[in-house]
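Peer 1: Take a look at run_23.pdb, PDB, C-alpha atoms, pLDDT in the B column:
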ATOM      1  CA  MET A1416     -10.561 -13.634  16.980  1.00 64.00           C
ATOM      2  CA  LYS A1417      -7.405 -11.599  17.404  1.00 66.00           C
ATOM      3  CA  VAL A1418      -6.813  -8.726  14.995  1.00 70.00           C
ATOM      4  CA  LEU A1419      -3.831  -6.396  14.942  1.00 68.00           C
ATOM      5  CA  LEU A1420      -4.248  -3.201  12.931  1.00 68.00           C
ATOM      6  CA  LEU A1421      -1.108  -1.126  12.467  1.00 63.00           C
ATOM      7  CA  THR A1422      -1.335   2.342  10.985  1.00 59.00           C
ATOM      8  CA  GLY A1423       0.732   5.485  10.785  1.00 51.00           C
ATOM      9  CA  LEU A1424       4.062   6.130  12.454  1.00 54.00           C
ATOM     10  CA  GLY A1425       2.994   4.092  15.472  1.00 56.00           C
ATOM     11  CA  ALA A1426       3.479   0.999  13.346  1.00 59.00           C
ATOM     12  CA  LEU A1427       7.052   1.991  12.569  1.00 58.00           C
ATOM     13  CA  PHE A1428       7.959   2.331  16.250  1.00 61.00           C
ATOM     14  CA  PHE A1429       6.004  -0.822  17.075  1.00 64.00           C
ATOM     15  CA  SER A1430       8.136  -2.832  14.657  1.00 60.00           C
ATOM     16  CA  TYR A1431      11.285  -1.906  16.577  1.00 61.00           C
ATOM     17  CA  TYR A1432       9.926  -3.066  19.946  1.00 61.00           C
ATOM     18  CA  TRP A1433       7.808  -6.061  18.981  1.00 60.00           C
ATOM     19  CA  ASP A1434      10.543  -8.635  19.701  1.00 56.00           C
ATOM     20  CA  ASP A1435      10.797  -7.684  23.363  1.00 59.00           C
ATOM     21  CA  ASN A1436       7.358  -6.391  24.268  1.00 62.00           C
ATOM     22  CA  PHE A1437       4.681  -8.205  22.268  1.00 62.00           C
ATOM     23  CA  ASP A1438       3.606 -11.805  21.879  1.00 65.00           C
ATOM     24  CA  PRO A1439       1.611 -12.236  18.644  1.00 66.00           C
ATOM     25  CA  GLY A1440       0.348 -15.680  19.649  1.00 70.00           C
ATOM     26  CA  GLY A1441      -3.171 -16.510  18.457  1.00 80.00           C
ATOM     27  CA  LEU A1442      -3.181 -13.751  15.857  1.00 87.00           C
ATOM     28  CA  ASP A1443      -5.843 -14.185  13.152  1.00 92.00           C
ATOM     29  CA  TYR A1444      -5.490 -10.976  11.148  1.00 91.00           C
ATOM     30  CA  LEU A1445      -2.622  -8.566  10.626  1.00 90.00           C
ATOM     31  CA  VAL A1446      -3.647  -5.380   8.807  1.00 90.00           C
ATOM     32  CA  LEU A1447      -0.727  -3.278   7.580  1.00 91.00           C
ATOM     33  CA  ASN A1448      -1.738   0.254   6.665  1.00 85.00           C
ATOM     34  CA  HIS A1449       1.264   2.472   7.313  1.00 70.00           C
ATOM     35  CA  LEU A1450       1.694   5.809   5.640  1.00 66.00           C
ATOM     36  CA  GLY A1451       4.785   7.907   5.402  1.00 63.00           C
ATOM     37  CA  ALA A1452       4.309  10.618   2.822  1.00 60.00           C
ATOM     38  CA  THR A1453       6.177  13.534   1.360  1.00 56.00           C
ATOM     39  CA  PRO A1454       4.616  16.350  -0.657  1.00 53.00           C
ATOM     40  CA  ALA A1455       4.321  15.631  -4.362  1.00 52.00           C
ATOM     41  CA  GLY A1456       6.782  17.414  -6.615  1.00 52.00           C
ATOM     42  CA  THR A1457      10.325  17.279  -7.911  1.00 50.00           C
ATOM     43  CA  ARG A1458      11.900  18.072  -4.522  1.00 54.00           C
ATOM     44  CA  SER A1459      10.587  14.816  -3.071  1.00 58.00           C
ATOM     45  CA  ARG A1460      13.095  12.811  -5.170  1.00 67.00           C
ATOM     46  CA  SER A1461      15.947  13.243  -2.700  1.00 78.00           C
ATOM     47  CA  VAL A1462      17.781  10.252  -1.258  1.00 83.00           C
ATOM     48  CA  GLN A1463      16.609  11.208   2.235  1.00 82.00           C
ATOM     49  CA  ALA A1464      12.954  11.290   1.192  1.00 79.00           C
ATOM     50  CA  THR A1465      13.277   7.967  -0.603  1.00 84.00           C
ATOM     51  CA  ARG A1466      15.004   6.290   2.356  1.00 85.00           C
ATOM     52  CA  TRP A1467      12.301   7.546   4.736  1.00 83.00           C
ATOM     53  CA  LEU A1468       9.461   6.307   2.531  1.00 84.00           C
ATOM     54  CA  LEU A1469      11.070   2.897   2.043  1.00 87.00           C
ATOM     55  CA  GLN A1470      11.502   2.537   5.800  1.00 86.00           C
ATOM     56  CA  VAL A1471       7.895   3.390   6.628  1.00 84.00           C
ATOM     57  CA  ASN A1472       6.037   2.115   3.570  1.00 87.00           C
ATOM     58  CA  PHE A1473       8.028  -1.040   2.862  1.00 90.00           C
ATOM     59  CA  LEU A1474      10.671  -2.211   5.341  1.00 88.00           C
ATOM     60  CA  SER A1475       8.400  -1.944   8.376  1.00 86.00           C
ATOM     61  CA  TYR A1476       5.786  -4.042   6.519  1.00 89.00           C
ATOM     62  CA  VAL A1477       8.436  -6.708   5.919  1.00 90.00           C
ATOM     63  CA  GLN A1478       9.631  -6.715   9.526  1.00 85.00           C
ATOM     64  CA  LEU A1479       6.149  -6.946  11.024  1.00 86.00           C
ATOM     65  CA  THR A1480       5.156  -9.671   8.577  1.00 90.00           C
ATOM     66  CA  SER A1481       8.184 -11.806   9.412  1.00 88.00           C
ATOM     67  CA  LEU A1482       7.413 -11.540  13.112  1.00 85.00           C
ATOM     68  CA  ALA A1483       3.687 -12.297  12.752  1.00 88.00           C
ATOM     69  CA  LEU A1484       3.919 -15.063  10.151  1.00 92.00           C
ATOM     70  CA  PRO A1485       4.478 -17.997  12.571  1.00 91.00           C
ATOM     71  CA  SER A1486       1.351 -17.046  14.534  1.00 90.00           C
ATOM     72  CA  LEU A1487      -0.697 -16.517  11.364  1.00 93.00           C
ATOM     73  CA  THR A1488       0.487 -19.902  10.094  1.00 95.00           C
ATOM     74  CA  ASP A1489      -0.743 -21.614  13.270  1.00 93.00           C
ATOM     75  CA  SER A1490      -4.140 -19.911  13.086  1.00 93.00           C
ATOM     76  CA  LYS A1491      -4.479 -20.149   9.274  1.00 95.00           C
ATOM     77  CA  GLY A1492      -4.946 -16.414   9.423  1.00 94.00           C
ATOM     78  CA  SER A1493      -4.903 -13.523   7.007  1.00 95.00           C
ATOM     79  CA  LEU A1494      -2.448 -10.791   6.138  1.00 95.00           C
ATOM     80  CA  VAL A1495      -4.065  -7.624   4.773  1.00 95.00           C
ATOM     81  CA  VAL A1496      -1.658  -5.253   3.018  1.00 95.00           C
ATOM     82  CA  VAL A1497      -2.952  -1.771   2.205  1.00 92.00           C
ATOM     83  CA  SER A1498      -1.102  -0.377  -0.786  1.00 91.00           C
ATOM     84  CA  SER A1499      -1.789   2.224  -3.439  1.00 87.00           C
ATOM     85  CA  LEU A1500      -2.581   2.567  -7.115  1.00 84.00           C
ATOM     86  CA  LEU A1501       0.890   4.138  -7.384  1.00 82.00           C
ATOM     87  CA  GLY A1502       2.312   0.716  -6.498  1.00 85.00           C
ATOM     88  CA  HIS A1503       0.961  -0.645  -9.783  1.00 83.00           C
ATOM     89  CA  VAL A1504       0.684   2.332 -12.107  1.00 80.00           C
ATOM     90  CA  PRO A1505       3.506   4.902 -11.875  1.00 77.00           C
ATOM     91  CA  THR A1506       2.578   8.531 -12.288  1.00 74.00           C
ATOM     92  CA  SER A1507       4.449  11.812 -12.390  1.00 70.00           C
ATOM     93  CA  PHE A1508       6.072  13.534  -9.382  1.00 72.00           C
ATOM     94  CA  SER A1509       5.748  10.575  -7.001  1.00 78.00           C
ATOM     95  CA  SER A1510       8.972   8.634  -7.601  1.00 82.00           C
ATOM     96  CA  PRO A1511       9.977   7.668  -4.007  1.00 84.00           C
ATOM     97  CA  TYR A1512       6.420   6.889  -2.884  1.00 84.00           C
ATOM     98  CA  SER A1513       5.721   4.842  -6.000  1.00 86.00           C
ATOM     99  CA  ALA A1514       9.002   2.928  -5.570  1.00 88.00           C
ATOM    100  CA  ALA A1515       8.074   1.936  -2.010  1.00 89.00           C
ATOM    101  CA  LYS A1516       4.610   0.778  -3.059  1.00 90.00           C
ATOM    102  CA  PHE A1517       5.958  -1.177  -6.044  1.00 92.00           C
ATOM    103  CA  ALA A1518       8.271  -2.940  -3.587  1.00 94.00           C
ATOM    104  CA  LEU A1519       5.229  -4.048  -1.581  1.00 94.00           C
ATOM    105  CA  ASP A1520       3.693  -5.648  -4.645  1.00 92.00           C
ATOM    106  CA  GLY A1521       6.907  -7.523  -5.438  1.00 94.00           C
ATOM    107  CA  PHE A1522       7.551  -8.720  -1.884  1.00 97.00           C
ATOM    108  CA  PHE A1523       4.035  -9.875  -1.023  1.00 97.00           C
ATOM    109  CA  GLY A1524       3.438 -11.308  -4.496  1.00 94.00           C
ATOM    110  CA  SER A1525       6.529 -13.468  -4.058  1.00 96.00           C
ATOM    111  CA  LEU A1526       5.573 -14.355  -0.476  1.00 97.00           C
ATOM    112  CA  ARG A1527       2.144 -15.520  -1.661  1.00 96.00           C
ATOM    113  CA  ARG A1528       3.815 -17.905  -4.118  1.00 95.00           C
ATOM    114  CA  GLU A1529       6.186 -19.195  -1.421  1.00 95.00           C
ATOM    115  CA  LEU A1530       3.330 -19.899   0.988  1.00 96.00           C
ATOM    116  CA  ASP A1531       1.397 -21.641  -1.776  1.00 95.00           C
ATOM    117  CA  VAL A1532       4.174 -24.070  -2.746  1.00 94.00           C
ATOM    118  CA  GLN A1533       4.763 -24.838   0.959  1.00 94.00           C
ATOM    119  CA  ASP A1534       1.019 -25.464   1.542  1.00 95.00           C
ATOM    120  CA  VAL A1535       0.881 -22.749   4.206  1.00 96.00           C
ATOM    121  CA  ASN A1536      -2.731 -21.626   4.600  1.00 97.00           C
ATOM    122  CA  VAL A1537      -2.190 -17.902   5.192  1.00 97.00           C
ATOM    123  CA  ALA A1538      -4.191 -15.571   2.960  1.00 97.00           C
ATOM    124  CA  ILE A1539      -2.596 -12.391   1.614  1.00 98.00           C
ATOM    125  CA  THR A1540      -4.985  -9.657   0.519  1.00 97.00           C
ATOM    126  CA  MET A1541      -3.385  -6.787  -1.415  1.00 95.00           C
ATOM    127  CA  CYS A1542      -5.510  -3.634  -1.294  1.00 94.00           C
ATOM    128  CA  VAL A1543      -5.014  -1.106  -4.084  1.00 91.00           C
ATOM    129  CA  LEU A1544      -6.485   2.205  -2.987  1.00 88.00           C
ATOM    130  CA  GLY A1545      -6.507   5.655  -4.488  1.00 78.00           C
ATOM    131  CA  LEU A1546      -6.512   9.124  -2.993  1.00 67.00           C
ATOM    132  CA  ARG A1547      -8.604   9.269   0.187  1.00 52.00           C
ATOM    133  CA  ASP A1548     -10.324  12.286   1.673  1.00 48.00           C
ATOM    134  CA  ARG A1549      -7.979  12.723   4.642  1.00 51.00           C
ATOM    135  CA  ALA A1550      -6.740  16.177   5.559  1.00 45.00           C
ATOM    136  CA  SER A1551      -3.056  15.156   5.570  1.00 46.00           C
ATOM    137  CA  THR A1552      -3.317  13.489   2.173  1.00 48.00           C
ATOM    138  CA  ALA A1553      -5.160  16.390   0.618  1.00 47.00           C
ATOM    139  CA  GLU A1554      -2.547  18.843   1.889  1.00 47.00           C
ATOM    140  CA  GLY A1555       0.314  16.814   0.396  1.00 48.00           C
ATOM    141  CA  VAL A1556      -1.120  16.949  -3.122  1.00 46.00           C
ATOM    142  CA  ARG A1557      -2.848  20.318  -2.962  1.00 46.00           C
ATOM    143  CA  GLY A1558      -2.647  22.017  -6.363  1.00 47.00           C
ATOM    144  CA  ILE A1559      -0.864  19.026  -7.902  1.00 46.00           C
ATOM    145  CA  THR A1560      -3.635  16.634  -8.870  1.00 48.00           C
ATOM    146  CA  ARG A1561      -7.184  17.103 -10.087  1.00 50.00           C
ATOM    147  CA  ALA A1562      -8.182  13.571  -9.056  1.00 49.00           C
ATOM    148  CA  LYS A1563     -11.209  13.358  -6.789  1.00 55.00           C
ATOM    149  CA  ALA A1564     -10.591  11.824  -3.368  1.00 53.00           C
ATOM    150  CA  ALA A1565     -12.617   8.750  -2.431  1.00 60.00           C
ATOM    151  CA  PRO A1566     -14.560   8.566   0.871  1.00 64.00           C
ATOM    152  CA  GLY A1567     -12.347   7.059   3.582  1.00 76.00           C
ATOM    153  CA  PRO A1568     -15.085   4.971   5.293  1.00 85.00           C
ATOM    154  CA  LYS A1569     -16.012   3.273   2.012  1.00 87.00           C
ATOM    155  CA  ALA A1570     -12.378   2.455   1.314  1.00 87.00           C
ATOM    156  CA  ALA A1571     -12.043   1.008   4.831  1.00 88.00           C
ATOM    157  CA  LEU A1572     -15.147  -1.128   4.298  1.00 92.00           C
ATOM    158  CA  ALA A1573     -13.676  -2.493   1.059  1.00 92.00           C
ATOM    159  CA  VAL A1574     -10.476  -3.428   2.920  1.00 92.00           C
ATOM    160  CA  ILE A1575     -12.413  -5.151   5.734  1.00 92.00           C
ATOM    161  CA  ARG A1576     -14.578  -7.078   3.279  1.00 95.00           C
ATOM    162  CA  GLY A1577     -11.543  -8.203   1.291  1.00 95.00           C
ATOM    163  CA  GLY A1578      -9.695  -9.398   4.375  1.00 94.00           C
ATOM    164  CA  ALA A1579     -12.737 -11.208   5.782  1.00 94.00           C
ATOM    165  CA  THR A1580     -13.334 -13.090   2.517  1.00 96.00           C
ATOM    166  CA  ARG A1581      -9.604 -13.804   2.031  1.00 96.00           C
ATOM    167  CA  ALA A1582      -9.719 -12.152  -1.377  1.00 96.00           C
ATOM    168  CA  PRO A1583      -6.347 -11.991  -3.160  1.00 96.00           C
ATOM    169  CA  GLY A1584      -6.918  -8.392  -4.229  1.00 94.00           C
ATOM    170  CA  VAL A1585      -9.076  -5.376  -3.419  1.00 93.00           C
ATOM    171  CA  PHE A1586      -9.411  -2.369  -5.727  1.00 91.00           C
ATOM    172  CA  TYR A1587     -11.134   0.798  -4.533  1.00 90.00           C
ATOM    173  CA  PRO A1588     -12.559   2.510  -6.472  1.00 83.00           C
ATOM    174  CA  TRP A1589     -13.253  -0.525  -8.676  1.00 83.00           C
ATOM    175  CA  ARG A1590     -12.062   1.217 -11.862  1.00 79.00           C
ATOM    176  CA  PHE A1591      -8.484   0.934 -10.577  1.00 78.00           C
ATOM    177  CA  HIS A1592      -8.591  -2.766 -11.395  1.00 79.00           C
ATOM    178  CA  LEU A1593      -9.166  -1.920 -15.050  1.00 78.00           C
ATOM    179  CA  LEU A1594      -6.414   0.710 -14.985  1.00 74.00           C
ATOM    180  CA  CYS A1595      -3.941  -1.841 -13.606  1.00 77.00           C
ATOM    181  CA  LEU A1596      -4.913  -4.368 -16.278  1.00 76.00           C
ATOM    182  CA  LEU A1597      -4.452  -1.778 -19.017  1.00 71.00           C
ATOM    183  CA  ARG A1598      -1.010  -0.744 -17.811  1.00 67.00           C
ATOM    184  CA  GLY A1599       0.888  -3.037 -20.162  1.00 63.00           C
ATOM    185  CA  TRP A1600      -1.687  -3.231 -22.925  1.00 64.00           C
ATOM    186  CA  LEU A1601      -2.385   0.442 -23.627  1.00 59.00           C
ATOM    187  CA  PRO A1602       0.528   2.548 -22.312  1.00 56.00           C
ATOM    188  CA  HIS A1603      -0.206   5.669 -24.376  1.00 56.00           C
ATOM    189  CA  PRO A1604      -3.882   6.129 -23.380  1.00 50.00           C
ATOM    190  CA  ARG A1605      -2.877   5.509 -19.753  1.00 54.00           C
ATOM    191  CA  ALA A1606      -0.217   8.215 -19.955  1.00 56.00           C
ATOM    192  CA  TRP A1607      -2.802  10.606 -21.425  1.00 54.00           C
ATOM    193  CA  PHE A1608      -5.240   9.812 -18.605  1.00 57.00           C
ATOM    194  CA  ILE A1609      -2.610  10.469 -15.929  1.00 55.00           C
ATOM    195  CA  ARG A1610      -1.614  13.747 -17.533  1.00 57.00           C
ATOM    196  CA  GLN A1611      -5.203  14.992 -17.420  1.00 55.00           C
ATOM    197  CA  GLU A1612      -5.254  14.637 -13.628  1.00 55.00           C
ATOM    198  CA  LEU A1613      -1.995  16.535 -13.010  1.00 51.00           C
ATOM    199  CA  ASN A1614      -1.240  20.205 -12.716  1.00 52.00           C
ATOM    200  CA  VAL A1615       2.211  19.821 -14.270  1.00 47.00           C
ATOM    201  CA  THR A1616       3.308  23.414 -13.683  1.00 49.00           C
ATOM    202  CA  ALA A1617       2.500  23.299  -9.978  1.00 46.00           C
ATOM    203  CA  ALA A1618       4.154  19.898  -9.523  1.00 44.00           C
ATOM    204  CA  ALA A1619       7.370  20.932 -11.242  1.00 46.00           C
ATOM    205  CA  ALA A1620       7.620  24.015  -9.045  1.00 47.00           C
ATOM    206  CA  ALA A1621       7.000  22.087  -5.808  1.00 49.00           C
TER     207      ALA A1621
END
Go ahead and express the file in the form of structure tokens.

Peer 2:
Amino acid sequence: MKVLLLTGLGALFFSYYWDDNFDPGGLDYLVLNHLGATPAGTRSRSVQATRWLLQVNFLSYVQLTSLALPSLTDSKGSLVVVSSLLGHVPTSFSSPYSAAKFALDGFFGSLRRELDVQDVNVAITMCVLGLRDRASTAEGVRGITRAKAAPGPKAALAVIRGGATRAPGVFYPWRFHLLCLLRGWLPHPRAWFIRQELNVTAAAAA
């Protein structure tokens, strides 16, 4: 079994050099878990911040997927895409990051339909995760949100289990699935819930 896990900025640089320096032949799993973040707050809405986040959190996913797809098609493999709750439920003071993650949902949702109508047996598992207890993540939202971070190892286990079982979606913590379902049905209670987890004054000043 051949698994390629791409995380962090290394994945961004890897996408530029894959054509010349890497042969993805025999690939069974491609796990895309890049993260390019900016601190939460109103200052993060600049064009530069948005362009950076789209490059890392969306365009590099697309490039790596296009390069790996022929190999995954041959092996009937799996594509595991790690996204965020903010790619399904927009919240305050996260406009560029949320835009990039929403783009992931649109692109890979459409790709799943394309593969299905072409009878291509490549599974796509979309993983919707929340705030994890990493030092870099905690620093970026310090003082902004009251949401409790989830344990990183448990989130990773949920991603691995979802990819191994070829599940179409993974939600961790599980309550995020309900929140995504309620997005269109109960917009006002959802907005109230999001507001309770934000320190609006601190976010506006950031």

Peer 1: With all atoms listed in the file as the counted atoms, please give the residues lying no more than 12 Å from A:His1592, apart from itself and same-chain residues fewer than 3 positions off, as a PyMOL selection string.

Peer 2: chain A and resi 1499-1500+1503-1504+1541-1545+1584-1589+1595-1598

Peer 1: Near A:Ser1490, counting only C-alpha atoms, which residues have an atom at most 12 Å away, once you skip same-chain residues fewer than 3 positions from it, shown as JSON, numbers by chain?

Peer 2: {"A": [1416, 1417, 1418, 1439, 1440, 1441, 1442, 1443, 1444, 1445, 1483, 1484, 1485, 1486, 1487, 1493, 1494, 1535, 1536, 1537, 1538]}

Peer 1: With only C-alpha atoms as the basis for distance, which of A:Val1532, A:Leu1479, A:Leu1474, A:Ala1518 is at the shortest distance from A:Val1495?

Peer 2: A:Leu1479

Peer 1: How many Å lie between atom CA of A:Ala1514 and atom CA of A:Leu1594, rounded to one decimal?

Peer 2: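 Pair atom CA of A:Ala1514 / atom CA of A:Leu1594 returns 18.2 Å.
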
Peer 1: Which residues come within 12 Å of A:Phe1517, counting all atoms listed in the file, excluding same-chain residues fewer than 5 positions away, as a list of chain:residue names?

Peer 2: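 Skipping anything fewer than 5 positions along the chain leaves A:Leu1468, A:Leu1469, A:Asn1472, A:Phe1473, A:Ser1498, A:Ser1499, A:Leu1500, A:Leu1501, A:Gly1502, A:His1503, A:Val1504, A:Pro1505, A:Ser1509, A:Ser1510, A:Pro1511, A:Tyr1512, A:Phe1522, A:Phe1523, A:Gly1524, A:Met1541, A:Val1543.
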
Peer 1: Do you have the atom CA of A:Ala1570-atom CA of A:Ile1539 distance handy?

Peer 2: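 Atom-to-atom, atom CA of A:Ala1570 and atom CA of A:Ile1539 are spaced 17.8 Å apart.
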
Peer 1: Tell me, in Å to one decimal, how far atom CA of A:Thr1488 is from atom CA of A:Asp1534.

Peer 2: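 Spanning atom CA of A:Thr1488 to atom CA of A:Asp1534 is a straight-line distance of 10.2 Å.
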
Peer 1: Could you work out an axis-aligned box for stretch 1473-1489 of chain A, taking every atom the file lists and adding 6 Å on each side, and report centre and edge lengths in Å to one decimal, as lines of an AutoDock Vina configuration file?

Peer 2:
center_x = 5.0
center_y = -11.3
center_z = 8.7
size_x = 23.4
size_y = 32.6
size_z = 23.7

Peer 1: Considering all atoms listed in the file, state which residue in the set A:Val1497, A:Leu1519, A:Val1477, A:Leu1593 is at the smallest distance from A:Gly1577.

Peer 2: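 Of all the options, A:Val1497 lies closest to A:Gly1577.
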
Peer 1: Taking all atoms listed in the file into account, which of A:Leu1572, A:Arg1581, A:Tyr1476, A:Ser1525 comes nearest A:Lys1491?

Peer 2: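 Under the stated criterion, the closest residue is A:Arg1581.
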
Peer 1: Would you fill out stretch 1462-1471 of chain A with all heavy atoms and return it as an mmCIF file, keeping the file's coordinate frame?

Peer 2:
data_model
loop_
_atom_site.group_PDB
_atom_site.id
_atom_site.type_symbol
_atom_site.label_atom_id
_atom_site.label_comp_id
_atom_site.auth_asym_id
_atom_site.auth_seq_id
_atom_site.Cartn_x
_atom_site.Cartn_y
_atom_site.Cartn_z
ATOM 1 N N VAL A 1462 17.437 11.542 -1.866
ATOM 2 C CA VAL A 1462 17.781 10.252 -1.258
ATOM 3 C C VAL A 1462 17.156 10.140 0.127
ATOM 4 O O VAL A 1462 16.653 9.077 0.522
ATOM 5 C CB VAL A 1462 19.311 10.098 -1.166
ATOM 6 C CG1 VAL A 1462 19.679 8.842 -0.390
ATOM 7 C CG2 VAL A 1462 19.923 10.056 -2.561
ATOM 8 N N GLN A 1463 17.162 11.234 0.887
ATOM 9 C CA GLN A 1463 16.609 11.208 2.235
ATOM 10 C C GLN A 1463 15.113 10.898 2.212
ATOM 11 O O GLN A 1463 14.619 10.091 3.009
ATOM 12 C CB GLN A 1463 16.844 12.556 2.939
ATOM 13 C CG GLN A 1463 18.293 12.860 3.261
ATOM 14 C CD GLN A 1463 19.068 13.383 2.050
ATOM 15 O OE1 GLN A 1463 18.512 13.587 0.970
ATOM 16 N NE2 GLN A 1463 20.368 13.604 2.242
ATOM 17 N N ALA A 1464 14.392 11.538 1.294
ATOM 18 C CA ALA A 1464 12.954 11.290 1.192
ATOM 19 C C ALA A 1464 12.675 9.853 0.784
ATOM 20 O O ALA A 1464 11.772 9.193 1.322
ATOM 21 C CB ALA A 1464 12.322 12.258 0.197
ATOM 22 N N THR A 1465 13.464 9.335 -0.145
ATOM 23 C CA THR A 1465 13.277 7.967 -0.603
ATOM 24 C C THR A 1465 13.571 6.969 0.502
ATOM 25 O O THR A 1465 12.828 5.994 0.705
ATOM 26 C CB THR A 1465 14.184 7.684 -1.824
ATOM 27 O OG1 THR A 1465 13.901 8.637 -2.845
ATOM 28 C CG2 THR A 1465 13.958 6.286 -2.349
ATOM 29 N N ARG A 1466 14.654 7.186 1.256
ATOM 30 C CA ARG A 1466 15.004 6.290 2.356
ATOM 31 C C ARG A 1466 13.903 6.269 3.417
ATOM 32 O O ARG A 1466 13.535 5.210 3.939
ATOM 33 C CB ARG A 1466 16.335 6.720 2.972
ATOM 34 C CG ARG A 1466 16.820 5.790 4.095
ATOM 35 C CD ARG A 1466 18.130 6.266 4.683
ATOM 36 N NE ARG A 1466 19.225 6.171 3.723
ATOM 37 C CZ ARG A 1466 19.861 7.222 3.212
ATOM 38 N NH1 ARG A 1466 19.503 8.451 3.558
ATOM 39 N NH2 ARG A 1466 20.843 7.053 2.354
ATOM 40 N N TRP A 1467 13.374 7.436 3.731
ATOM 41 C CA TRP A 1467 12.301 7.546 4.736
ATOM 42 C C TRP A 1467 11.051 6.776 4.284
ATOM 43 O O TRP A 1467 10.472 6.006 5.052
ATOM 44 C CB TRP A 1467 11.971 9.012 4.965
ATOM 45 C CG TRP A 1467 10.633 9.271 5.600
ATOM 46 C CD1 TRP A 1467 9.541 9.808 5.010
ATOM 47 C CD2 TRP A 1467 10.260 8.998 6.956
ATOM 48 N NE1 TRP A 1467 8.514 9.885 5.905
ATOM 49 C CE2 TRP A 1467 8.922 9.396 7.105
ATOM 50 C CE3 TRP A 1467 10.934 8.449 8.048
ATOM 51 C CZ2 TRP A 1467 8.240 9.268 8.297
ATOM 52 C CZ3 TRP A 1467 10.249 8.315 9.241
ATOM 53 C CH2 TRP A 1467 8.918 8.722 9.364
ATOM 54 N N LEU A 1468 10.666 6.963 3.024
ATOM 55 C CA LEU A 1468 9.461 6.307 2.531
ATOM 56 C C LEU A 1468 9.640 4.802 2.441
ATOM 57 O O LEU A 1468 8.709 4.037 2.721
ATOM 58 C CB LEU A 1468 9.082 6.884 1.163
ATOM 59 C CG LEU A 1468 8.510 8.296 1.213
ATOM 60 C CD1 LEU A 1468 8.346 8.860 -0.186
ATOM 61 C CD2 LEU A 1468 7.170 8.303 1.936
ATOM 62 N N LEU A 1469 10.818 4.331 2.076
ATOM 63 C CA LEU A 1469 11.070 2.897 2.043
ATOM 64 C C LEU A 1469 11.018 2.300 3.447
ATOM 65 O O LEU A 1469 10.526 1.186 3.643
ATOM 66 C CB LEU A 1469 12.426 2.612 1.390
ATOM 67 C CG LEU A 1469 12.492 2.763 -0.124
ATOM 68 C CD1 LEU A 1469 13.936 2.664 -0.604
ATOM 69 C CD2 LEU A 1469 11.629 1.718 -0.816
ATOM 70 N N GLN A 1470 11.520 3.031 4.435
ATOM 71 C CA GLN A 1470 11.502 2.537 5.800
ATOM 72 C C GLN A 1470 10.076 2.378 6.315
ATOM 73 O O GLN A 1470 9.700 1.351 6.896
ATOM 74 C CB GLN A 1470 12.280 3.490 6.719
ATOM 75 C CG GLN A 1470 12.315 3.052 8.179
ATOM 76 C CD GLN A 1470 13.024 1.724 8.369
ATOM 77 O OE1 GLN A 1470 14.182 1.581 8.019
ATOM 78 N NE2 GLN A 1470 12.331 0.751 8.920
ATOM 79 N N VAL A 1471 9.258 3.410 6.097
ATOM 80 C CA VAL A 1471 7.895 3.390 6.628
ATOM 81 C C VAL A 1471 6.965 2.540 5.771
ATOM 82 O O VAL A 1471 6.209 1.721 6.290
ATOM 83 C CB VAL A 1471 7.339 4.821 6.741
ATOM 84 C CG1 VAL A 1471 5.898 4.809 7.251
ATOM 85 C CG2 VAL A 1471 8.212 5.661 7.654
#
